[in-house]
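S.K.: Quick one: the structure is below, and I'll ask about it shortly.
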Amino acid sequence: MTTTLITGANKGLGFETARRLVSVGHTVYIGSRDAERGLRAAELLGARPVLLDVTDDASVAAAAETVAAGGGLDVLINNAGIESRDADNNAPGAADMTADQMREVFDTNVFGMVRVTHAFLPLLRRSKAPVIVNLSSGLASLSRVAEAGTPAYAYPGVAYPASKAAVNMITVQYAKAFPGMRINAVEPGFTKTDLNGNTGVQTVEEGAEIIVRMAQVDPGGPTGGYWDAEGRLPW
């Protein structure tokens, strides 16, 4: 039996990923910073709830103890993330971005991911086939963001793409440090979720495809990569 933890899984891509993995036999922990929403999502899916705020050391440590008591962990999906938007649902550009806004985004998307990964590494290292999937973005591709005429080039925000570029670098370094694990970053595509004010063009079913695929990669599969549903992406 494969045991999987998904952060930020009470809705959106995390919820759909959990649904798909439960359907193929995974024991899935629904990580949620809201206990009631997490419990409701877990009951709907036949999963296990675990209170988990990725920005809080004590919360993450308690979640690791809960999962350890349940038997261990094989797959970690670092899905929790935020995007800084103003009252008009626009991402602050370079002229408006403040250090506090940048810090808030990085606290969840980068430091939160590292906090969770560090806490669950002891459990993953005991697994026979450990996997980590880190949620990145097409906006993390420096080559795409720098290419005029592309959707990524047109995106004005600073904090979110910078945070996801950091996710990519961290993914590569972890993959090199732990060659026995399969550790990859994935781009689900511009998916309609609360993160982007439901402005995305894909469904969560479409967006979850690459997450689910990389969560099930076998021990001989790729690691240290950056992927979308079509294949490897340029850094």
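Going through the structure tokens in order, the chains are called A, B, and so on, while each chain numbers its residues from 1 and the ligands are numbered from 1 in the order shown.
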Find the residues of region 6-123 of chain A that sit at most 9 Å from region 134-147 of chain A; for each, write down the nearest two atoms and how far apart they are in Å, to one decimal. Count only C-alpha atoms. Sort by chain, then by number going up, and give it as a Markdown table.
M.R.:
```
| residue | atom | partner | partner_atom | distance |
| --- | --- | --- | --- | --- |
| A:Leu76 | CA | A:Asn134 | CA | 8.4 |
| A:Ile77 | CA | A:Asn134 | CA | 6.0 |
| A:Asn78 | CA | A:Asn134 | CA | 4.9 |
| A:Asn79 | CA | A:Leu135 | CA | 5.3 |
| A:Ala80 | CA | A:Leu135 | CA | 8.0 |
| A:Gly81 | CA | A:Leu135 | CA | 8.2 |
| A:Asn109 | CA | A:Leu135 | CA | 8.8 |
| A:Met113 | CA | A:Asn134 | CA | 7.9 |
```
S.K.: Generate a file of the selected residues that holds N, CA, C and O atoms, formatted as a short mmCIF file (atom, residue, chain, number, x, y, z; two decimals), in the first residue's frame.
M.R.:
```
data_model
loop_
_atom_site.label_atom_id
_atom_site.label_comp_id
_atom_site.auth_asym_id
_atom_site.auth_seq_id
_atom_site.Cartn_x
_atom_site.Cartn_y
_atom_site.Cartn_z
N LEU A 76 5.26 12.37 -1.05
CA LEU A 76 4.95 13.70 -0.54
C LEU A 76 4.68 14.62 -1.72
O LEU A 76 5.51 14.74 -2.63
N ILE A 77 3.51 15.25 -1.71
CA ILE A 77 3.16 16.20 -2.76
C ILE A 77 3.05 17.58 -2.12
O ILE A 77 2.12 17.86 -1.37
N ASN A 78 4.03 18.43 -2.42
CA ASN A 78 4.06 19.79 -1.89
C ASN A 78 3.20 20.67 -2.79
O ASN A 78 3.68 21.30 -3.73
N ASN A 79 1.91 20.70 -2.48
CA ASN A 79 0.93 21.39 -3.31
C ASN A 79 0.55 22.76 -2.78
O ASN A 79 0.20 23.64 -3.56
N ALA A 80 0.60 22.97 -1.48
CA ALA A 80 0.14 24.23 -0.90
C ALA A 80 0.89 25.41 -1.49
O ALA A 80 2.12 25.39 -1.61
N GLY A 81 0.15 26.44 -1.88
CA GLY A 81 0.79 27.61 -2.46
C GLY A 81 -0.15 28.79 -2.50
O GLY A 81 -1.37 28.64 -2.42
N ASN A 109 5.25 29.23 -0.35
CA ASN A 109 5.66 28.50 -1.55
C ASN A 109 7.06 27.92 -1.48
O ASN A 109 7.34 26.90 -2.11
N MET A 113 7.50 24.71 1.74
CA MET A 113 7.87 23.47 1.07
C MET A 113 9.10 22.83 1.71
O MET A 113 9.14 21.62 1.94
#
```
S.K.: If we count only C-alpha atoms, what is near Arg126 (chain A) at a cut-off of 12 Å, once residues fewer than 6 positions away on the same chain are taken out, given as a list in words?
M.R.: Ala68, Gly71, Gly72, Leu73, Asp74, Val75, Phe120, Gly180 and Met181 of chain A
S.K.: Create the file for the chosen residues now, containing C-alpha atoms and written as an mmCIF file, in the first residue's frame.
M.R.:
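Here's the written file part.cif:
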```
data_model
loop_
_atom_site.group_PDB
_atom_site.id
_atom_site.type_symbol
_atom_site.label_atom_id
_atom_site.label_comp_id
_atom_site.auth_asym_id
_atom_site.auth_seq_id
_atom_site.Cartn_x
_atom_site.Cartn_y
_atom_site.Cartn_z
ATOM 1 C CA ALA A 68 4.481 8.362 11.346
ATOM 2 C CA GLY A 71 2.646 3.692 9.383
ATOM 3 C CA GLY A 72 4.955 5.948 7.381
ATOM 4 C CA LEU A 73 5.061 7.813 4.076
ATOM 5 C CA ASP A 74 5.949 6.964 0.477
ATOM 6 C CA VAL A 75 4.857 10.025 -1.509
ATOM 7 C CA PHE A 120 9.004 14.223 6.403
ATOM 8 C CA GLY A 180 17.323 6.999 -4.202
ATOM 9 C CA MET A 181 14.228 9.196 -4.298
#
```
S.K.: If we count only C-alpha atoms and set the cut-off at 8 Å, which residues sit around Ala229 (chain A), ignoring sequence neighbours fewer than 2 positions away in its own chain? Please answer as a list in words.
M.R.: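 Close residues of Ala229 (chain A): Glu187, Pro188, Glu209, Ile210, Trp227 and Gly231 of chain A.
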S.K.: For the residues in the current selection, export C-alpha atoms as a tab-separated table (two decimals), in the first residue's frame.
M.R.:
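Final output, result_39.tsv:
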```tsv
chain	number	residue	atom	x	y	z
A	187	GLU	CA	3.65	22.58	-13.92
A	188	PRO	CA	-0.08	21.79	-13.84
A	209	GLU	CA	-2.84	14.98	-14.65
A	210	ILE	CA	0.90	15.65	-14.39
A	227	TRP	CA	7.56	18.71	-16.23
A	231	GLY	CA	6.92	16.50	-21.19
```
S.K.: Write down as a VMD selection string the residues belonging to region 1-234 of chain A that are assigned helix (DSSP H, G or I) by DSSP computed on the backbone.
M.R.: chain A and resid 12 to 23 35 to 45 57 to 69 99 to 124 138 to 140 142 to 145 151 to 154 159 to 177 194 to 196 204 to 215
S.K.: Determine, counting only C-alpha atoms, which protein, DNA and RNA residues have an atom within 9 Å of an atom of Met1 (chain A); residues of the same chain fewer than 5 positions away are not included. Present the result as a PyMOL selection string.
M.R.: chain A and resi 25-27
S.K.: Go ahead and dump the residues you just picked, N, CA, C and O atoms, as a PDB file, in the first residue's frame.
M.R.:
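And here is the file that came out, part-v5.pdb:
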```pdb
ATOM      1  N   GLY A  25      -5.776   3.337  -5.200  1.00  0.00           N
ATOM      2  CA  GLY A  25      -5.359   2.535  -4.059  1.00  0.00           C
ATOM      3  C   GLY A  25      -4.421   3.181  -3.064  1.00  0.00           C
ATOM      4  O   GLY A  25      -4.011   2.532  -2.098  1.00  0.00           O
ATOM      5  N   HIS A  26      -4.068   4.444  -3.257  1.00  0.00           N
ATOM      6  CA  HIS A  26      -3.209   5.098  -2.274  1.00  0.00           C
ATOM      7  C   HIS A  26      -3.985   5.387  -0.981  1.00  0.00           C
ATOM      8  O   HIS A  26      -5.177   5.708  -1.019  1.00  0.00           O
ATOM      9  N   THR A  27      -3.289   5.279   0.143  1.00  0.00           N
ATOM     10  CA  THR A  27      -3.793   5.839   1.390  1.00  0.00           C
ATOM     11  C   THR A  27      -3.342   7.288   1.406  1.00  0.00           C
ATOM     12  O   THR A  27      -2.143   7.571   1.411  1.00  0.00           O
TER      13      THR A  27
END
```
S.K.: Which distance in Å separates CA of Thr191 (chain A) and CA of Arg19 (chain A), to one decimal?
M.R.: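 Rounded to one decimal, the two atoms are 16.7 Å apart.
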S.K.: Just asking: which residues within region 110-144 of chain A are strand (DSSP E or B) according to DSSP, as a ChimeraX atom specification?
M.R.: /A:131-135
S.K.: Near region 61-66 of chain A, within 7 Å and counting only C-alpha atoms, which residues show up once chain neighbours fewer than 4 positions away are dropped, as a list in words?
M.R.: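 Near neighbours after the sequence-gap exclusion: Val50, Leu51, Leu52, Asp57, Gly70, Ala119 and Phe120 of chain A.
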S.K.: Just to confirm, what's the straight-line distance from CA of Thr223 (chain A) to CA of Arg33 (chain A) in Å (one decimal)?
M.R.: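 Value for the CA of Thr223 (chain A)-CA of Arg33 (chain A) distance: 29.0 Å.
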